[in-house]
$ cat protein_38.cif   # mmCIF, C-alpha atoms, pLDDT in the B column; chains and numbers go by the auth columns
data_start
loop_
_atom_site.group_PDB
_atom_site.id
_atom_site.type_symbol
_atom_site.label_atom_id
_atom_site.label_comp_id
_atom_site.label_asym_id
_atom_site.label_seq_id
_atom_site.Cartn_x
_atom_site.Cartn_y
_atom_site.Cartn_z
_atom_site.B_iso_or_equiv
_atom_site.auth_seq_id
_atom_site.auth_asym_id
ATOM 1 C CA MET A 1 19.455 -9.852 13.128 89.00 1 A
ATOM 2 C CA LEU A 2 16.465 -11.064 11.095 91.00 2 A
ATOM 3 C CA VAL A 3 14.044 -10.494 13.986 95.00 3 A
ATOM 4 C CA LEU A 4 15.385 -6.975 14.538 95.00 4 A
ATOM 5 C CA THR A 5 15.103 -6.254 10.808 96.00 5 A
ATOM 6 C CA LEU A 6 11.480 -7.408 10.707 97.00 6 A
ATOM 7 C CA ILE A 7 10.624 -5.340 13.790 97.00 7 A
ATOM 8 C CA LEU A 8 12.214 -2.285 12.154 97.00 8 A
ATOM 9 C CA ALA A 9 10.298 -2.951 8.920 98.00 9 A
ATOM 10 C CA TYR A 10 7.021 -3.262 10.819 98.00 10 A
ATOM 11 C CA LEU A 11 7.661 -0.060 12.802 98.00 11 A
ATOM 12 C CA LEU A 12 8.620 1.785 9.635 98.00 12 A
ATOM 13 C CA GLY A 13 5.426 0.610 7.947 98.00 13 A
ATOM 14 C CA SER A 14 3.443 1.611 11.036 98.00 14 A
ATOM 15 C CA ILE A 15 4.381 5.288 10.771 98.00 15 A
ATOM 16 C CA PRO A 16 1.010 6.928 9.961 97.00 16 A
ATOM 17 C CA SER A 17 2.163 9.264 7.183 97.00 17 A
ATOM 18 C CA GLY A 18 -1.332 10.473 6.334 96.00 18 A
ATOM 19 C CA LEU A 19 -2.150 11.275 9.928 96.00 19 A
ATOM 20 C CA ILE A 20 1.144 13.104 10.461 97.00 20 A
ATOM 21 C CA VAL A 21 0.949 15.079 7.212 97.00 21 A
ATOM 22 C CA GLY A 22 -2.707 15.964 7.720 96.00 22 A
ATOM 23 C CA LYS A 23 -2.203 17.206 11.268 96.00 23 A
ATOM 24 C CA ALA A 24 1.214 18.840 10.881 96.00 24 A
ATOM 25 C CA ILE A 25 0.640 20.720 7.620 96.00 25 A
ATOM 26 C CA TRP A 26 -3.124 20.999 7.057 96.00 26 A
ATOM 27 C CA HIS A 27 -4.254 20.733 10.720 96.00 27 A
ATOM 28 C CA LYS A 28 -6.721 17.996 9.792 96.00 28 A
ATOM 29 C CA ASP A 29 -7.033 14.497 11.196 96.00 29 A
ATOM 30 C CA LEU A 30 -7.821 12.393 8.115 95.00 30 A
ATOM 31 C CA ARG A 31 -9.659 9.915 10.313 95.00 31 A
ATOM 32 C CA ASN A 32 -12.374 12.540 10.796 95.00 32 A
ATOM 33 C CA TYR A 33 -12.888 13.380 7.108 94.00 33 A
ATOM 34 C CA GLY A 34 -13.968 11.635 3.924 88.00 34 A
ATOM 35 C CA SER A 35 -13.635 7.869 4.186 88.00 35 A
ATOM 36 C CA GLY A 36 -11.716 8.167 7.468 91.00 36 A
ATOM 37 C CA ASN A 37 -8.766 6.357 5.896 92.00 37 A
ATOM 38 C CA ILE A 38 -5.229 7.708 6.371 93.00 38 A
ATOM 39 C CA GLY A 39 -4.076 6.719 2.879 93.00 39 A
ATOM 40 C CA ALA A 40 -3.273 8.772 -0.194 94.00 40 A
ATOM 41 C CA THR A 41 -6.737 8.627 -1.793 93.00 41 A
ATOM 42 C CA ASN A 42 -8.490 10.105 1.221 94.00 42 A
ATOM 43 C CA ALA A 43 -5.611 12.554 1.676 95.00 43 A
ATOM 44 C CA TYR A 44 -6.146 13.692 -1.924 94.00 44 A
ATOM 45 C CA ARG A 45 -9.853 14.192 -1.331 93.00 45 A
ATOM 46 C CA VAL A 46 -9.389 16.012 1.987 95.00 46 A
ATOM 47 C CA LEU A 47 -6.040 17.784 1.635 96.00 47 A
ATOM 48 C CA GLY A 48 -5.887 18.269 -2.126 94.00 48 A
ATOM 49 C CA ARG A 49 -3.440 17.174 -4.801 95.00 49 A
ATOM 50 C CA LYS A 50 -0.280 18.157 -2.903 97.00 50 A
ATOM 51 C CA GLY A 51 -1.418 16.454 0.292 96.00 51 A
ATOM 52 C CA GLY A 52 -2.399 13.279 -1.539 96.00 52 A
ATOM 53 C CA ALA A 53 0.892 13.195 -3.441 97.00 53 A
ATOM 54 C CA LEU A 54 2.938 13.725 -0.274 98.00 54 A
ATOM 55 C CA VAL A 55 1.114 10.982 1.624 98.00 55 A
ATOM 56 C CA PHE A 56 1.498 8.618 -1.340 97.00 56 A
ATOM 57 C CA LEU A 57 5.226 9.357 -1.580 98.00 57 A
ATOM 58 C CA LEU A 58 5.829 8.816 2.145 98.00 58 A
ATOM 59 C CA ASP A 59 3.835 5.575 2.205 98.00 59 A
ATOM 60 C CA PHE A 60 5.637 4.378 -0.944 98.00 60 A
ATOM 61 C CA LEU A 61 9.024 5.169 0.617 98.00 61 A
ATOM 62 C CA LYS A 62 8.155 3.138 3.720 98.00 62 A
ATOM 63 C CA GLY A 63 7.979 0.037 1.534 98.00 63 A
ATOM 64 C CA GLU A 64 11.165 0.835 -0.342 98.00 64 A
ATOM 65 C CA LEU A 65 13.126 1.664 2.819 98.00 65 A
ATOM 66 C CA ALA A 66 12.049 -1.535 4.574 98.00 66 A
ATOM 67 C CA VAL A 67 13.409 -3.589 1.668 97.00 67 A
ATOM 68 C CA LEU A 68 16.619 -1.546 1.447 97.00 68 A
ATOM 69 C CA ILE A 69 17.249 -1.800 5.206 96.00 69 A
ATOM 70 C CA ALA A 70 16.790 -5.581 5.052 97.00 70 A
ATOM 71 C CA SER A 71 19.167 -5.801 2.102 96.00 71 A
ATOM 72 C CA LEU A 72 21.805 -3.967 4.164 95.00 72 A
ATOM 73 C CA LEU A 73 21.282 -5.743 7.490 94.00 73 A
ATOM 74 C CA VAL A 74 20.549 -9.329 6.457 93.00 74 A
ATOM 75 C CA ALA A 75 20.779 -9.464 2.664 87.00 75 A
ATOM 76 C CA THR A 76 19.050 -12.778 2.025 93.00 76 A
ATOM 77 C CA PRO A 77 16.160 -12.917 -0.467 93.00 77 A
ATOM 78 C CA THR A 78 13.800 -14.337 2.160 95.00 78 A
ATOM 79 C CA SER A 79 14.621 -11.630 4.721 95.00 79 A
ATOM 80 C CA ILE A 80 14.183 -8.884 2.119 97.00 80 A
ATOM 81 C CA ILE A 81 10.777 -10.210 1.064 97.00 81 A
ATOM 82 C CA LEU A 82 9.690 -10.664 4.681 97.00 82 A
ATOM 83 C CA ALA A 83 10.781 -7.120 5.554 98.00 83 A
ATOM 84 C CA GLY A 84 8.686 -5.780 2.693 98.00 84 A
ATOM 85 C CA PHE A 85 5.709 -7.800 3.862 98.00 85 A
ATOM 86 C CA PHE A 86 6.142 -6.604 7.456 98.00 86 A
ATOM 87 C CA ALA A 87 6.179 -2.985 6.253 98.00 87 A
ATOM 88 C CA ILE A 88 2.881 -3.568 4.441 98.00 88 A
ATOM 89 C CA VAL A 89 1.366 -5.192 7.535 98.00 89 A
ATOM 90 C CA GLY A 90 2.634 -2.302 9.653 98.00 90 A
ATOM 91 C CA HIS A 91 0.904 0.170 7.372 97.00 91 A
ATOM 92 C CA MET A 92 -2.352 -1.789 7.526 97.00 92 A
ATOM 93 C CA HIS A 93 -2.192 -2.547 11.262 97.00 93 A
ATOM 94 C CA SER A 94 -0.166 0.247 12.836 97.00 94 A
ATOM 95 C CA ILE A 95 0.959 -0.101 16.425 97.00 95 A
ATOM 96 C CA PHE A 96 0.581 3.684 16.622 96.00 96 A
ATOM 97 C CA LEU A 97 -3.109 3.552 15.619 95.00 97 A
ATOM 98 C CA GLN A 98 -4.420 0.710 17.815 95.00 98 A
ATOM 99 C CA MET A 99 -3.679 -1.798 14.992 95.00 99 A
ATOM 100 C CA LYS A 100 -5.679 0.180 12.418 94.00 100 A
ATOM 101 C CA GLY A 101 -4.215 1.798 9.341 93.00 101 A
ATOM 102 C CA GLY A 102 -4.347 2.218 5.592 93.00 102 A
ATOM 103 C CA LYS A 103 -5.014 -0.274 2.838 95.00 103 A
ATOM 104 C CA GLY A 104 -1.373 -0.921 2.001 96.00 104 A
ATOM 105 C CA VAL A 105 -1.399 -0.073 -1.701 97.00 105 A
ATOM 106 C CA ALA A 106 1.300 2.624 -1.801 98.00 106 A
ATOM 107 C CA THR A 107 3.533 0.774 0.676 98.00 107 A
ATOM 108 C CA ALA A 108 3.141 -2.469 -1.301 98.00 108 A
ATOM 109 C CA LEU A 109 4.040 -0.629 -4.493 98.00 109 A
ATOM 110 C CA GLY A 110 7.190 0.648 -2.794 98.00 110 A
ATOM 111 C CA VAL A 111 8.131 -2.907 -1.863 98.00 111 A
ATOM 112 C CA ILE A 112 7.380 -4.244 -5.355 98.00 112 A
ATOM 113 C CA SER A 113 9.311 -1.417 -7.016 98.00 113 A
ATOM 114 C CA ILE A 114 12.491 -2.818 -5.440 97.00 114 A
ATOM 115 C CA LEU A 115 11.683 -6.550 -5.547 97.00 115 A
ATOM 116 C CA MET A 116 10.088 -6.714 -9.009 98.00 116 A
ATOM 117 C CA PRO A 117 10.544 -3.418 -10.878 97.00 117 A
ATOM 118 C CA LYS A 118 9.078 -4.674 -14.183 97.00 118 A
ATOM 119 C CA VAL A 119 5.945 -5.818 -12.366 98.00 119 A
ATOM 120 C CA ALA A 120 5.711 -2.460 -10.581 98.00 120 A
ATOM 121 C CA VAL A 121 5.718 -0.536 -13.862 98.00 121 A
ATOM 122 C CA ILE A 122 2.969 -2.688 -15.359 98.00 122 A
ATOM 123 C CA ILE A 123 0.706 -2.616 -12.302 98.00 123 A
ATOM 124 C CA VAL A 124 0.997 1.185 -12.156 98.00 124 A
ATOM 125 C CA LEU A 125 -0.121 1.311 -15.797 98.00 125 A
ATOM 126 C CA VAL A 126 -2.964 -1.149 -15.104 97.00 126 A
ATOM 127 C CA TRP A 127 -4.015 0.852 -12.042 97.00 127 A
ATOM 128 C CA GLY A 128 -3.977 4.084 -14.062 97.00 128 A
ATOM 129 C CA ALA A 129 -6.006 2.589 -16.908 97.00 129 A
ATOM 130 C CA ILE A 130 -8.665 1.201 -14.547 97.00 130 A
ATOM 131 C CA VAL A 131 -8.942 4.445 -12.578 96.00 131 A
ATOM 132 C CA PHE A 132 -9.100 6.488 -15.803 96.00 132 A
ATOM 133 C CA ALA A 133 -11.812 4.232 -17.263 96.00 133 A
ATOM 134 C CA THR A 134 -13.962 3.828 -14.147 95.00 134 A
ATOM 135 C CA ARG A 135 -12.842 6.625 -11.778 94.00 135 A
ATOM 136 C CA TYR A 136 -12.753 4.002 -8.990 95.00 136 A
ATOM 137 C CA VAL A 137 -9.376 4.100 -7.218 95.00 137 A
ATOM 138 C CA SER A 138 -10.320 1.035 -5.207 95.00 138 A
ATOM 139 C CA LEU A 139 -11.062 -1.002 -8.353 96.00 139 A
ATOM 140 C CA GLY A 140 -7.699 0.042 -9.801 97.00 140 A
ATOM 141 C CA SER A 141 -5.971 -1.026 -6.589 97.00 141 A
ATOM 142 C CA ILE A 142 -7.766 -4.369 -6.420 97.00 142 A
ATOM 143 C CA THR A 143 -7.017 -5.107 -10.084 97.00 143 A
ATOM 144 C CA ALA A 144 -3.357 -4.164 -9.646 98.00 144 A
ATOM 145 C CA ALA A 145 -3.137 -6.429 -6.585 98.00 145 A
ATOM 146 C CA LEU A 146 -4.655 -9.338 -8.528 97.00 146 A
ATOM 147 C CA MET A 147 -2.292 -8.761 -11.452 98.00 147 A
ATOM 148 C CA THR A 148 0.854 -8.775 -9.298 98.00 148 A
ATOM 149 C CA PRO A 149 1.207 -12.553 -8.734 98.00 149 A
ATOM 150 C CA ILE A 150 0.187 -13.236 -12.334 98.00 150 A
ATOM 151 C CA LEU A 151 2.929 -10.913 -13.583 98.00 151 A
ATOM 152 C CA ALA A 152 5.434 -12.331 -11.088 98.00 152 A
ATOM 153 C CA MET A 153 4.811 -15.762 -12.615 97.00 153 A
ATOM 154 C CA ALA A 154 4.840 -14.401 -16.177 97.00 154 A
ATOM 155 C CA PHE A 155 8.264 -12.829 -15.598 97.00 155 A
ATOM 156 C CA SER A 156 9.507 -16.086 -14.008 96.00 156 A
ATOM 157 C CA TYR A 157 10.339 -14.616 -10.613 96.00 157 A
ATOM 158 C CA GLU A 158 11.344 -17.165 -7.991 95.00 158 A
ATOM 159 C CA LYS A 159 8.639 -19.013 -6.080 96.00 159 A
ATOM 160 C CA MET A 160 9.086 -16.911 -2.910 96.00 160 A
ATOM 161 C CA TYR A 161 8.316 -13.726 -4.874 97.00 161 A
ATOM 162 C CA VAL A 162 5.149 -15.293 -6.249 97.00 162 A
ATOM 163 C CA ILE A 163 4.072 -16.435 -2.771 97.00 163 A
ATOM 164 C CA PHE A 164 4.747 -12.937 -1.403 98.00 164 A
ATOM 165 C CA SER A 165 2.674 -11.476 -4.264 98.00 165 A
ATOM 166 C CA ILE A 166 -0.253 -13.782 -3.554 98.00 166 A
ATOM 167 C CA VAL A 167 -0.241 -13.108 0.198 98.00 167 A
ATOM 168 C CA ALA A 168 0.205 -9.330 -0.187 98.00 168 A
ATOM 169 C CA ALA A 169 -2.569 -9.226 -2.809 98.00 169 A
ATOM 170 C CA ALA A 170 -4.884 -11.163 -0.489 98.00 170 A
ATOM 171 C CA PHE A 171 -4.209 -8.719 2.368 97.00 171 A
ATOM 172 C CA ILE A 172 -4.889 -5.723 0.107 97.00 172 A
ATOM 173 C CA ILE A 173 -8.095 -7.204 -1.310 97.00 173 A
ATOM 174 C CA ILE A 174 -9.368 -8.072 2.179 96.00 174 A
ATOM 175 C CA LYS A 175 -8.691 -4.457 3.233 95.00 175 A
ATOM 176 C CA HIS A 176 -10.873 -3.380 0.291 96.00 176 A
ATOM 177 C CA LYS A 177 -13.856 -5.590 1.209 95.00 177 A
ATOM 178 C CA ASP A 178 -16.052 -2.587 2.053 93.00 178 A
ATOM 179 C CA ASN A 179 -15.092 -0.929 -1.236 93.00 179 A
ATOM 180 C CA ILE A 180 -15.995 -4.112 -3.107 95.00 180 A
ATOM 181 C CA ALA A 181 -19.411 -4.152 -1.428 94.00 181 A
ATOM 182 C CA ARG A 182 -19.976 -0.486 -2.316 93.00 182 A
ATOM 183 C CA ILE A 183 -18.913 -1.036 -5.937 92.00 183 A
ATOM 184 C CA ARG A 184 -21.396 -3.899 -6.248 92.00 184 A
ATOM 185 C CA LYS A 185 -24.157 -1.652 -4.859 91.00 185 A
ATOM 186 C CA GLY A 186 -23.108 1.320 -7.012 88.00 186 A
ATOM 187 C CA ARG A 187 -22.265 3.398 -3.927 89.00 187 A
ATOM 188 C CA GLU A 188 -18.490 3.649 -4.174 90.00 188 A
ATOM 189 C CA ASN A 189 -17.068 7.185 -4.371 85.00 189 A
ATOM 190 C CA ARG A 190 -15.568 8.039 -7.729 86.00 190 A
ATOM 191 C CA PHE A 191 -12.224 9.798 -8.006 80.00 191 A
#

$ encode --input "protein_38.cif" --output "structure tokens"
Amino acid sequence: MLVLTLILAYLLGSIPSGLIVGKAIWHKDLRNYGSGNIGATNAYRVLGRKGGALVFLLDFLKGELAVLIASLLVATPTSIILAGFFAIVGHMHSIFLQMKGGKGVATALGVISILMPKVAVIIVLVWGAIVFATRYVSLGSITAALMTPILAMAFSYEKMYVIFSIVAAAFIIIKHKDNIARIRKGRENRF
């Protein structure tokens, strides 16, 4: 049952919300506009506030649903954490997009909102403060990712939650490597 649950979590994460929303409602393929990313930030820039919000919500729900499905089908802490991680990986490396995808931030937040709700609230506030101060969404996302394992330890979550936080943060930061390079060169797009 665990293998089936992880496959379902990966497939759920792989659903390209931004691509579907862009094409179905706005008749735009996000891969051909802005940064070319299918995530909420590019959706906001290309499709507007409503499009960005809808893509964010759908990507967020993918993370939450993966965790909830695992809690129904297998219900062990390890399986629930793994399902959340597989949803994030699915979003980043979608089987429906030749293993390409988004940067995993909204999906990871969905996972964390179920696994570690106190951490989720704080990282949203940190993300908002960084974006407000700098107008760099990517810097807010990177900072929030870095803060997640620190907060998981501060709130004394079990070791497996901390390990998940470290690995998920590493995946998200790696996905932002081009953004990091652009920030250092002063070429990153501001929000």

$ atom_distance --input "protein_38.cif" --atom1 "CA of Pro16 in chain A" --atom2 "CA of Ala43 in chain A"
12.0 Å

$ atom_distance --input "protein_38.cif" --atom1 "CA of His27 in chain A" --atom2 "CA of Val55 in chain A"
14.4 Å

$ residues_around --input "protein_38.cif" --residues "Val121 in chain A" --least-positions-apart "4" --cutoff "12 Å" --atoms "only C-alpha atoms" --output "JSON, numbers by chain"
{"A": [109, 110, 112, 113, 114, 115, 116, 117, 125, 126, 127, 128, 144, 147, 148, 151]}

$ resolve_selection --input "protein_38.cif" --expression "the PyMOL selection byres ((chain A and resi 69) around 12)" --output "PyMOL selection string"
chain A and resi 1-2+4-10+12+61-68+70-76+79-84+87+111+114

$ closest_residue --input "protein_38.cif" --among "A:Val3, A:Ala154, A:Val167, A:Val46" --to "Lys23 in chain A" --atoms "all atoms listed in the file"
A:Val46
